[in-house]
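Notes for the one structure printed next.
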Amino acid sequence: MNCAVIVVGAGRGTRHGGEVPKQYQLLGGTPVFTRTLMTFLNHNRINTVIAVIAEDAAPLFTSISEGLAVRTVFGGASRTASVRAGLAALADTPPDLLLIHDAARPLVSESLITRLIEAASPEAGAAPGMALSDALKKVDHTAQAGEDVARAGLVSVQTPQVFPFAPLYKAYKALADNEDLPDDLAVARTAGMKCKIIPGDVDNFKITNPGDLERAERIVQPQNGFQLCVTGTGYDVHRLIPGTQMMLGGVPIKGDLALLGHSDADAALHALTDALLGTIGAGDIGDHFPPSDPQWKNVDSTVFLQKALDLLGQQSACVRHVDLTIICEKPKIKPHRAAMRARLGELLGLDPSHISVKATTTEGLGYTGRGEGLAVMATVTVSR
Ligand code: MG
């Protein structure tokens with residue numbers, strides 16, 4: 001069975017906004033029209049692809065259809081006139097079945113095309129339809145909701161619509177020259193042709209209104225619109241001892257206290273490192289830097305943090321947000337908060353607006369309350 005498709009893309013697409021008509025705008029880096037044509041060109045049941053374009057868009061169309069085995073015809077002022085031009089181009093070598101599709105429905109699937117071809121016959125056409133799920137209301141010119149419209153028995157109809165060529169061609173020829181009908185089912189109906197509605201595809205929407213292109217973009221490139229975000233938590237404690245300086249959150253805090261530890265004992269960086277490792281299930285800081293190993297003696301804890309960041313990088317994981325809570329009676333954290341956020345921002349490659357440093361006491365209770373130790377809790381959000 002010989003199948004041809006007319007892809008109608010002669011519209012100016014002004015409702016969508018933008019200077020370039022919607023069917024020429026990029027979707028996942030490829031023009032919408034090109035995507036639509038490719039789906040039909042790659043379909044093993046389609047023998048001929050005709051593109052109907054606006055005459056003044058010819059140079060634009062040439063630039064997006066290079067190398068594609070597509071016949072081009074110029075459309076008319078209305079959709080009906082455009083399809084008529086496509087039909088005329090097929091009249092000399094008529095196919096058995098003709099599909100007619102909107103160029104601005106680039107997400108039409110191979111399986112929908114196959115189902116439609118199967119559903120059509122030499123006598124009857126077929127088209128995809130979607131049952132309606134929203135309540136339907138009439139609306140007056142002041143946007144006031146009016147009477148309800150019964151939903152039962154209604155469908156919204158998509159394309160491609162498929163017809164036996166000869167009777168559809170005849171139906172078009174019988175129309176008045178200036179006739180403009182909403183779709184090809186309407187034309188078929190004027191000639192009394194039967195057409196079956198089969199289930200459509202929710203992704204086969206027409207790029208019409210602002211936001212439609214972004215929705216299509218989310219479908220073709222899901223990573224653009226949706227990233228898996230995971231959370232990691234870390235917790236670390238170091239003993240407080242008399243001293244002159246401690247490292248905390250990557251910054252030196254001078255005073256009469258120090259933190260005791262094998263490394264520089266920066267409990268904030270240790271908790272943060274553990275939280276990062278947690279997002280990729282890469283164990284804990286002790287697995288990577290055993291305290292028994294002398295090479296980590298007095299080491300700058302940014303080394304640990306960098307190792308965790310390298311491991312995340314190997315898994316294309318990206319740090320999005322950090323939230324630290326420092327638990328101690330002393331030192332006072334607030335005067336150092338801005339410096340910590342700035343330093344952590346440098347270390348993580350993150351804007352300080354995505355780094356939170358909080359502090360709390362334990363009201364004199366427990367080891368932190370007695371000033372024996374300082375604890376830090378870290379929560380990080382990472383996209384993968
Ligand atoms: Mg530690």
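As shown in the structure tokens, the chain order sets the letters A, B, ...; within each chain, residues go from 1, and ligands are also counted from 1 in the order they appear.
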
Contacts of chain A with ligand 1 up to 10 Å, shortest pair per row, only C-alpha atoms and all ligand atoms, as a Markdown table:
```
| residue | atom | partner | partner_atom_place_in_ligand_line | distance |
| --- | --- | --- | --- | --- |
| A:Tyr235 | CA | ligand 1 | 1 (Mg) | 8.6 |
| A:Asp236 | CA | ligand 1 | 1 (Mg) | 5.3 |
| A:Val237 | CA | ligand 1 | 1 (Mg) | 6.1 |
| A:His238 | CA | ligand 1 | 1 (Mg) | 6.2 |
| A:Arg239 | CA | ligand 1 | 1 (Mg) | 9.7 |
| A:Leu259 | CA | ligand 1 | 1 (Mg) | 9.8 |
| A:Leu260 | CA | ligand 1 | 1 (Mg) | 9.3 |
| A:Gly261 | CA | ligand 1 | 1 (Mg) | 7.0 |
| A:His262 | CA | ligand 1 | 1 (Mg) | 8.2 |
| A:Ser263 | CA | ligand 1 | 1 (Mg) | 7.9 |
| A:Asp264 | CA | ligand 1 | 1 (Mg) | 8.8 |
| A:Ala265 | CA | ligand 1 | 1 (Mg) | 5.7 |
| A:Asp266 | CA | ligand 1 | 1 (Mg) | 6.7 |
| A:Ala267 | CA | ligand 1 | 1 (Mg) | 5.1 |
| A:Ala268 | CA | ligand 1 | 1 (Mg) | 8.2 |
| A:Leu269 | CA | ligand 1 | 1 (Mg) | 8.1 |
| A:His270 | CA | ligand 1 | 1 (Mg) | 5.1 |
| A:Ala271 | CA | ligand 1 | 1 (Mg) | 7.2 |
| A:Thr273 | CA | ligand 1 | 1 (Mg) | 9.6 |
| A:Asp274 | CA | ligand 1 | 1 (Mg) | 9.5 |
| A:Ile285 | CA | ligand 1 | 1 (Mg) | 8.2 |
| A:Gly286 | CA | ligand 1 | 1 (Mg) | 8.7 |
| A:Pro291 | CA | ligand 1 | 1 (Mg) | 9.2 |
| A:Ser301 | CA | ligand 1 | 1 (Mg) | 9.1 |
| A:Ala375 | CA | ligand 1 | 1 (Mg) | 9.4 |
| A:Val376 | CA | ligand 1 | 1 (Mg) | 9.5 |
```

Would you mind listing what lies within 9 Å of segment 303-318 of chain A as a PyMOL selection string, with only C-alpha atoms counted and same-chain residues fewer than 3 positions away left out?
-> chain A and resi 269-270+272-274+276-277+279-280+282+285+288-289+299-300+347-348+381-384

Taking the chain letters and numbering used in this document, name the residues of segment 8-234 of chain A that DSSP puts in helix (DSSP H, G or I), as a PyMOL selection string.
-> chain A and resi 14-16+22-24+32-41+55-64+79-90+110-119+165-174+184-190+212-220+222-225

Using only C-alpha atoms, which residues of segment 89-186 of chain A come within 8 Å of segment 207-217 of chain A, and what is the closest atom pair for each, with the distance in Å to one decimal? Give it as a tab-separated table, sorted by chain and residue number.
```
residue	atom	partner	partner_atom	distance
A:Ala104	CA	A:Ile207	CA	5.3
A:Arg105	CA	A:Ile207	CA	6.3
A:Leu107	CA	A:Ala216	CA	7.7
```

Write the residues of the selection above to a file with C-alpha atoms, as a CSV table (one decimal), in the first residue's frame.
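Output below, filename again.csv:
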```csv
chain,number,residue,atom,x,y,z
A,104,ALA,CA,3.9,22.1,14.6
A,105,ARG,CA,3.3,18.6,16.1
A,107,LEU,CA,6.4,14.7,18.8
```

Name the residues in contact with Asp351 of chain A at a cut-off of 12 Å, using only C-alpha atoms, excluding same-chain residues fewer than 6 positions from it; report them as a list in words.
-> Val319, Arg320, His321, Val322, Arg341, Ala342, Arg343, Leu344 and Gly345 of chain A

Selection export as a compact mmCIF listing (two decimals), in the first residue's frame, atoms kept: N, CA and C atoms:
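In the end it all went to part.txt:
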```txt
# COMPACT_ATOMS: atom_id res chain seq x y z
N VAL A 319 27.03 19.89 43.15
CA VAL A 319 26.55 20.39 44.43
C VAL A 319 25.66 21.61 44.19
N ARG A 320 24.47 21.59 44.76
CA ARG A 320 23.51 22.68 44.56
C ARG A 320 23.30 23.53 45.81
N HIS A 321 23.42 22.90 46.98
CA HIS A 321 23.10 23.64 48.20
C HIS A 321 23.75 22.95 49.41
N VAL A 322 24.16 23.78 50.34
CA VAL A 322 24.80 23.27 51.57
C VAL A 322 24.15 23.95 52.76
N ARG A 341 30.92 31.31 54.70
CA ARG A 341 30.11 31.12 53.47
C ARG A 341 30.94 31.45 52.23
N ALA A 342 31.75 32.52 52.35
CA ALA A 342 32.58 32.91 51.20
C ALA A 342 33.62 31.84 50.89
N ARG A 343 34.28 31.35 51.95
CA ARG A 343 35.34 30.34 51.76
C ARG A 343 34.75 29.03 51.23
N LEU A 344 33.62 28.62 51.80
CA LEU A 344 32.98 27.38 51.33
C LEU A 344 32.52 27.54 49.87
N GLY A 345 32.08 28.75 49.54
CA GLY A 345 31.68 29.02 48.16
C GLY A 345 32.84 28.83 47.20
```

Report the residues of segment 43-179 of chain A whose backbone DSSP state falls under strand (DSSP E), written as a ChimeraX atom specification.
-> /A:48-53,71-74,97-102,124-131,136-139,145-149,155-157,161-164

Using only C-alpha atoms, which residue out of A:Arg35, A:Arg12, A:Lys330, A:Arg79 lies closest to Asn178 of chain A?
->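 Under the stated criterion, the closest residue is A:Arg79.
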
Quick one: of A:Leu90, A:Val380, A:Ala150, A:Ala77, who's nearest to Ala4 of chain A, counting only C-alpha atoms?
->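 Nearest candidate to Ala4 of chain A out of A:Leu90, A:Val380, A:Ala150, A:Ala77: A:Leu90.
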
Show which residues sit within 9 Å of Thr368 of chain A, as an MDAnalysis selection string. Count only C-alpha atoms, and ignore same-chain residues fewer than 6 positions away.
-> chainID A and resid 327:330 361:362 374:375
